[in-house]
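Chemist: This is the content of my_file_5.txt (compact mmCIF, C-alpha atoms):
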```txt
# COMPACT_ATOMS: atom_id res chain seq x y z
CA MET A 504 18.26 37.30 -17.42
CA ILE A 505 16.61 37.91 -14.07
CA TYR A 506 14.15 35.08 -14.80
CA PHE A 507 17.07 32.73 -15.32
CA PHE A 508 18.56 33.62 -11.92
CA VAL A 509 15.21 33.26 -10.17
CA PHE A 510 14.64 29.89 -11.85
CA ALA A 511 18.19 28.74 -11.01
CA PHE A 512 17.81 29.83 -7.38
CA VAL A 513 14.48 28.01 -6.94
CA PHE A 514 15.83 24.92 -8.71
CA LEU A 515 18.98 24.77 -6.59
CA ALA A 516 17.06 25.48 -3.38
CA ASN A 517 14.86 22.47 -4.08
CA ILE A 518 17.69 20.11 -5.03
CA PHE A 519 20.11 20.51 -2.13
CA PRO A 520 17.72 19.95 0.81
CA GLN A 521 16.73 16.58 -0.65
CA ALA A 522 19.43 14.73 1.29
CA GLU A 523 17.93 15.91 4.60
CA ARG A 524 14.54 14.40 3.82
CA TYR A 525 15.55 10.82 4.65
CA THR A 526 16.93 9.10 7.72
CA LYS A 527 18.00 5.50 7.21
CA GLY A 528 15.99 5.45 3.99
CA ALA A 529 12.74 6.64 5.58
CA GLU A 530 11.08 10.02 5.11
CA ASN A 531 11.62 12.25 8.13
CA GLY A 532 10.46 15.61 9.53
CA TYR A 533 11.90 17.54 6.61
CA SER A 534 9.68 15.54 4.25
CA TRP A 535 6.72 16.06 6.59
CA ILE A 536 7.16 19.83 6.57
CA ARG A 537 7.53 19.89 2.80
CA MET A 538 4.15 18.20 2.44
CA GLU A 539 2.52 21.49 3.41
CA GLU A 540 4.44 23.69 0.97
CA PRO A 541 2.05 24.57 -1.85
CA GLY A 542 4.81 24.90 -4.48
CA GLN A 543 6.04 21.34 -4.07
CA PHE A 544 5.03 18.48 -6.32
CA TYR A 545 3.84 16.13 -3.59
CA SER A 546 1.07 13.87 -4.75
CA THR A 547 -0.26 13.32 -1.26
CA SER A 548 -1.31 15.21 1.83
CA LYS A 549 -0.33 14.50 5.39
CA GLU A 550 -3.66 12.79 6.05
CA THR A 551 -3.28 10.57 3.00
CA TYR A 552 0.27 9.68 4.05
CA LEU A 553 -0.96 8.66 7.51
CA GLY A 554 -3.87 6.78 5.97
CA SER A 555 -1.37 4.69 4.03
CA ILE A 556 0.45 3.85 7.28
CA LEU A 557 -2.82 2.70 8.84
CA GLU A 558 -3.77 0.69 5.77
CA ARG A 559 -0.38 -1.00 5.78
CA PHE A 560 -0.84 -1.90 9.45
CA ARG A 561 -4.29 -3.30 8.73
CA LEU A 562 -3.02 -5.40 5.82
CA THR A 563 0.22 -6.66 7.33
CA GLY A 564 -0.82 -7.10 10.97
CA GLU A 565 1.90 -9.17 12.62
CA ARG A 566 4.42 -8.42 9.88
CA TYR A 567 4.62 -4.68 10.59
CA PRO A 568 8.11 -3.95 9.23
CA GLU A 569 9.44 -1.23 11.56
CA ILE A 570 12.14 -1.99 14.10
CA GLU A 571 10.29 -4.08 16.71
CA SER A 572 11.74 -2.27 19.73
CA LEU A 573 10.57 1.09 18.31
CA SER A 574 7.21 -0.11 17.04
CA CYS A 575 3.86 1.11 18.34
CA LYS A 576 1.95 -2.02 17.39
CA ALA A 577 1.01 -2.72 21.04
CA ASP A 578 -0.23 0.85 21.47
CA ILE A 579 -2.36 0.64 18.33
CA GLU A 580 -3.84 -2.64 19.55
CA LYS A 581 -4.48 -1.08 22.98
CA LEU A 582 -6.43 1.76 21.37
CA TYR A 583 -8.48 -0.77 19.37
CA ARG A 584 -9.16 -2.96 22.44
CA GLU A 585 -10.26 0.00 24.54
CA GLY A 586 -12.51 1.31 21.76
CA LYS A 587 -10.59 4.57 21.58
CA SER A 588 -9.57 4.22 17.95
CA GLU A 589 -12.92 5.66 16.83
CA GLU A 590 -12.20 8.86 18.77
CA ILE A 591 -8.91 9.51 16.97
CA SER A 592 -8.90 11.41 13.71
CA LEU A 593 -6.15 11.70 11.13
CA GLU A 594 -6.33 15.47 11.58
CA GLY A 595 -5.63 15.00 15.30
CA ILE A 596 -2.62 12.83 14.59
CA VAL A 597 -1.39 15.35 11.99
CA PHE A 598 -1.67 18.03 14.69
CA GLU A 599 0.36 15.88 17.11
CA ILE A 600 3.05 15.16 14.50
CA ASP A 601 3.23 18.85 13.59
CA LYS A 602 3.83 19.62 17.30
CA PHE A 603 6.45 16.85 17.47
CA TYR A 604 8.43 18.39 14.61
CA LEU A 605 8.40 21.88 16.18
CA LEU A 606 11.45 20.71 18.13
CA ASN A 607 14.27 21.05 15.61
CA GLU A 608 16.23 18.02 16.87
CA ASN A 609 13.21 15.82 16.04
CA MET A 610 13.42 16.67 12.34
CA ILE A 611 15.73 13.71 11.60
CA ILE A 612 13.23 11.26 13.09
CA PRO A 613 11.38 9.27 10.43
CA ILE A 614 7.67 10.02 10.14
CA ILE A 615 6.73 6.47 11.15
CA PHE A 616 8.35 7.04 14.55
CA SER A 617 6.76 10.46 15.05
CA TYR A 618 3.48 8.73 14.24
CA CYS A 619 4.26 6.07 16.87
CA TYR A 620 5.17 8.80 19.37
CA SER A 621 1.75 10.36 18.77
CA ILE A 622 -0.01 7.00 19.07
CA LYS A 623 1.79 6.28 22.33
CA LYS A 624 0.72 9.69 23.62
CA LEU A 625 -2.90 9.06 22.61
CA ALA A 626 -2.74 5.60 24.22
CA GLY A 627 -1.87 7.21 27.55
CA ALA A 628 1.92 7.06 27.75
CA GLY A 629 3.35 9.41 30.35
CA LYS A 630 5.86 12.17 29.75
CA GLU A 631 8.80 10.04 30.94
CA GLU A 632 7.83 7.09 28.73
CA LEU A 633 7.44 9.40 25.72
CA ASN A 634 10.81 11.02 26.38
CA ASN A 635 12.48 7.59 26.71
CA TYR A 636 10.91 6.49 23.42
CA ARG A 637 12.07 9.68 21.69
CA GLU A 638 15.61 9.17 23.02
CA LYS A 639 15.70 5.57 21.76
CA VAL A 640 14.54 6.74 18.33
CA LEU A 641 17.19 9.46 18.25
CA LEU A 642 19.88 6.89 19.12
CA PHE A 643 18.59 4.67 16.30
CA CYS A 644 18.65 7.61 13.87
CA ASN A 645 22.19 8.62 14.79
CA ASP A 646 23.64 5.08 14.57
```
Represent the structure contained in this file as structure tokens.

Modeler:
Amino acid sequence: MIYFFVFAFVFLANIFPQAERYTKGAENGYSWIRMEEPGQFYSTSKETYLGSILERFRLTGERYPEIESLSCKADIEKLYREGKSEEISLEGIVFEIDKFYLLNENMIIPIIFSYCYSIKKLAGAGKEELNNYREKVLLFCND
């Protein structure tokens, strides 16, 4: 009987938080955090997830599908132009995104925008510019 209750508790605990994992149809900070939980059935790591974002950017180029005003396409291109893209590792970006999601109010922000926040930071954006970007993203998320 105790096994049934433990199973039911674990099952229910994993079902109900599912709604929090998406903002406007995109995976957000709750999904990001769950990628590190060893008991979850995620088929990918954080690095692989970010690699897929970079591959999509490489393949689609001009047709990058995120909201244009919240995109980081110009920042990515700046890093490439300045030759800084070779210095950036996926592990470094994962570290930056992990720091971004330490602030609880950022958890609703889709991963693509936390990635862009990190790219902007690596491209040299100042604190005020980063805060303005974060505020615009939060407004978009709460619309």

Chemist: Excluding same-chain residues fewer than 4 positions from segment 622-628 of chain A, what lies within 10 Å of it counting only C-alpha atoms, as a list in words?

Modeler: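 Surrounding residues, per the criterion: Ser574, Cys575, Lys576, Ala577, Asp578, Ile579, Glu580, Lys581, Leu582, Tyr583, Glu585, Lys587, Ser588, Ile591, Gly595, Ile596, Glu599, Ile600, Phe616, Ser617, Tyr618, Glu632, Leu633, Asn634 and Tyr636 of chain A.
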
Chemist: Could you work out how far atom CA of Glu558 of chain A lies from atom CA of Asn645 of chain A, giving the answer in Å with one decimal?

Modeler: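 Interatomic distance here is 28.6 Å.
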
Chemist: Just want the 9 Å neighbourhood of segment 548-551 of chain A, counted on all atoms listed in the file, with same-chain residues fewer than 4 positions away dropped. Output as a PDB file with C-alpha atoms, in the frame of the given file.

Modeler:
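Result saved to result_1.pdb:
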```
ATOM      1  CA  TRP A 535       6.720  16.060   6.590  1.00  0.00           C
ATOM      2  CA  MET A 538       4.150  18.200   2.440  1.00  0.00           C
ATOM      3  CA  GLU A 539       2.520  21.490   3.410  1.00  0.00           C
ATOM      4  CA  SER A 555      -1.370   4.690   4.030  1.00  0.00           C
ATOM      5  CA  ILE A 556       0.450   3.850   7.280  1.00  0.00           C
ATOM      6  CA  LEU A 593      -6.150  11.700  11.130  1.00  0.00           C
ATOM      7  CA  GLU A 594      -6.330  15.470  11.580  1.00  0.00           C
ATOM      8  CA  ILE A 596      -2.620  12.830  14.590  1.00  0.00           C
ATOM      9  CA  VAL A 597      -1.390  15.350  11.990  1.00  0.00           C
TER      10      VAL A 597
END
```

Chemist: Please, what distance in Å, to one decimal, runs between atom CA of Leu641 of chain A and atom CA of Tyr552 of chain A?

Modeler: 22.1 Å

Chemist: Tell me which of A:Tyr620, A:Phe643, A:Phe598, A:Tyr604 sits closest to Ile536 of chain A, counting only C-alpha atoms.

Modeler: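 Smallest separation from Ile536 of chain A among the options: A:Tyr604.
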
Chemist: Given the choices A:Arg561, A:Arg537, A:Cys644, A:Arg637, which gets closest to Ile611 of chain A if the distance is worked out from all atoms listed in the file?

Modeler: A:Cys644

Chemist: Counting all atoms listed in the file, note down every residue that has an atom within 9 Å of the point (11.8, 16.4, 2.4) (file coordinates), as number ranges by chain.

Modeler: A: 520-525, 530-538

Chemist: Rank nothing, just name the residue among A:Met610, A:Gly554, A:Leu573, A:Gly528 nearest to Asn635 of chain A, using only C-alpha atoms.

Modeler: A:Leu573

Chemist: By how many Å are atom CA of Thr526 of chain A and atom CA of Leu557 of chain A apart?

Modeler: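 Atom CA of Leu557 of chain A lies at a distance of 20.8 Å from atom CA of Thr526 of chain A.
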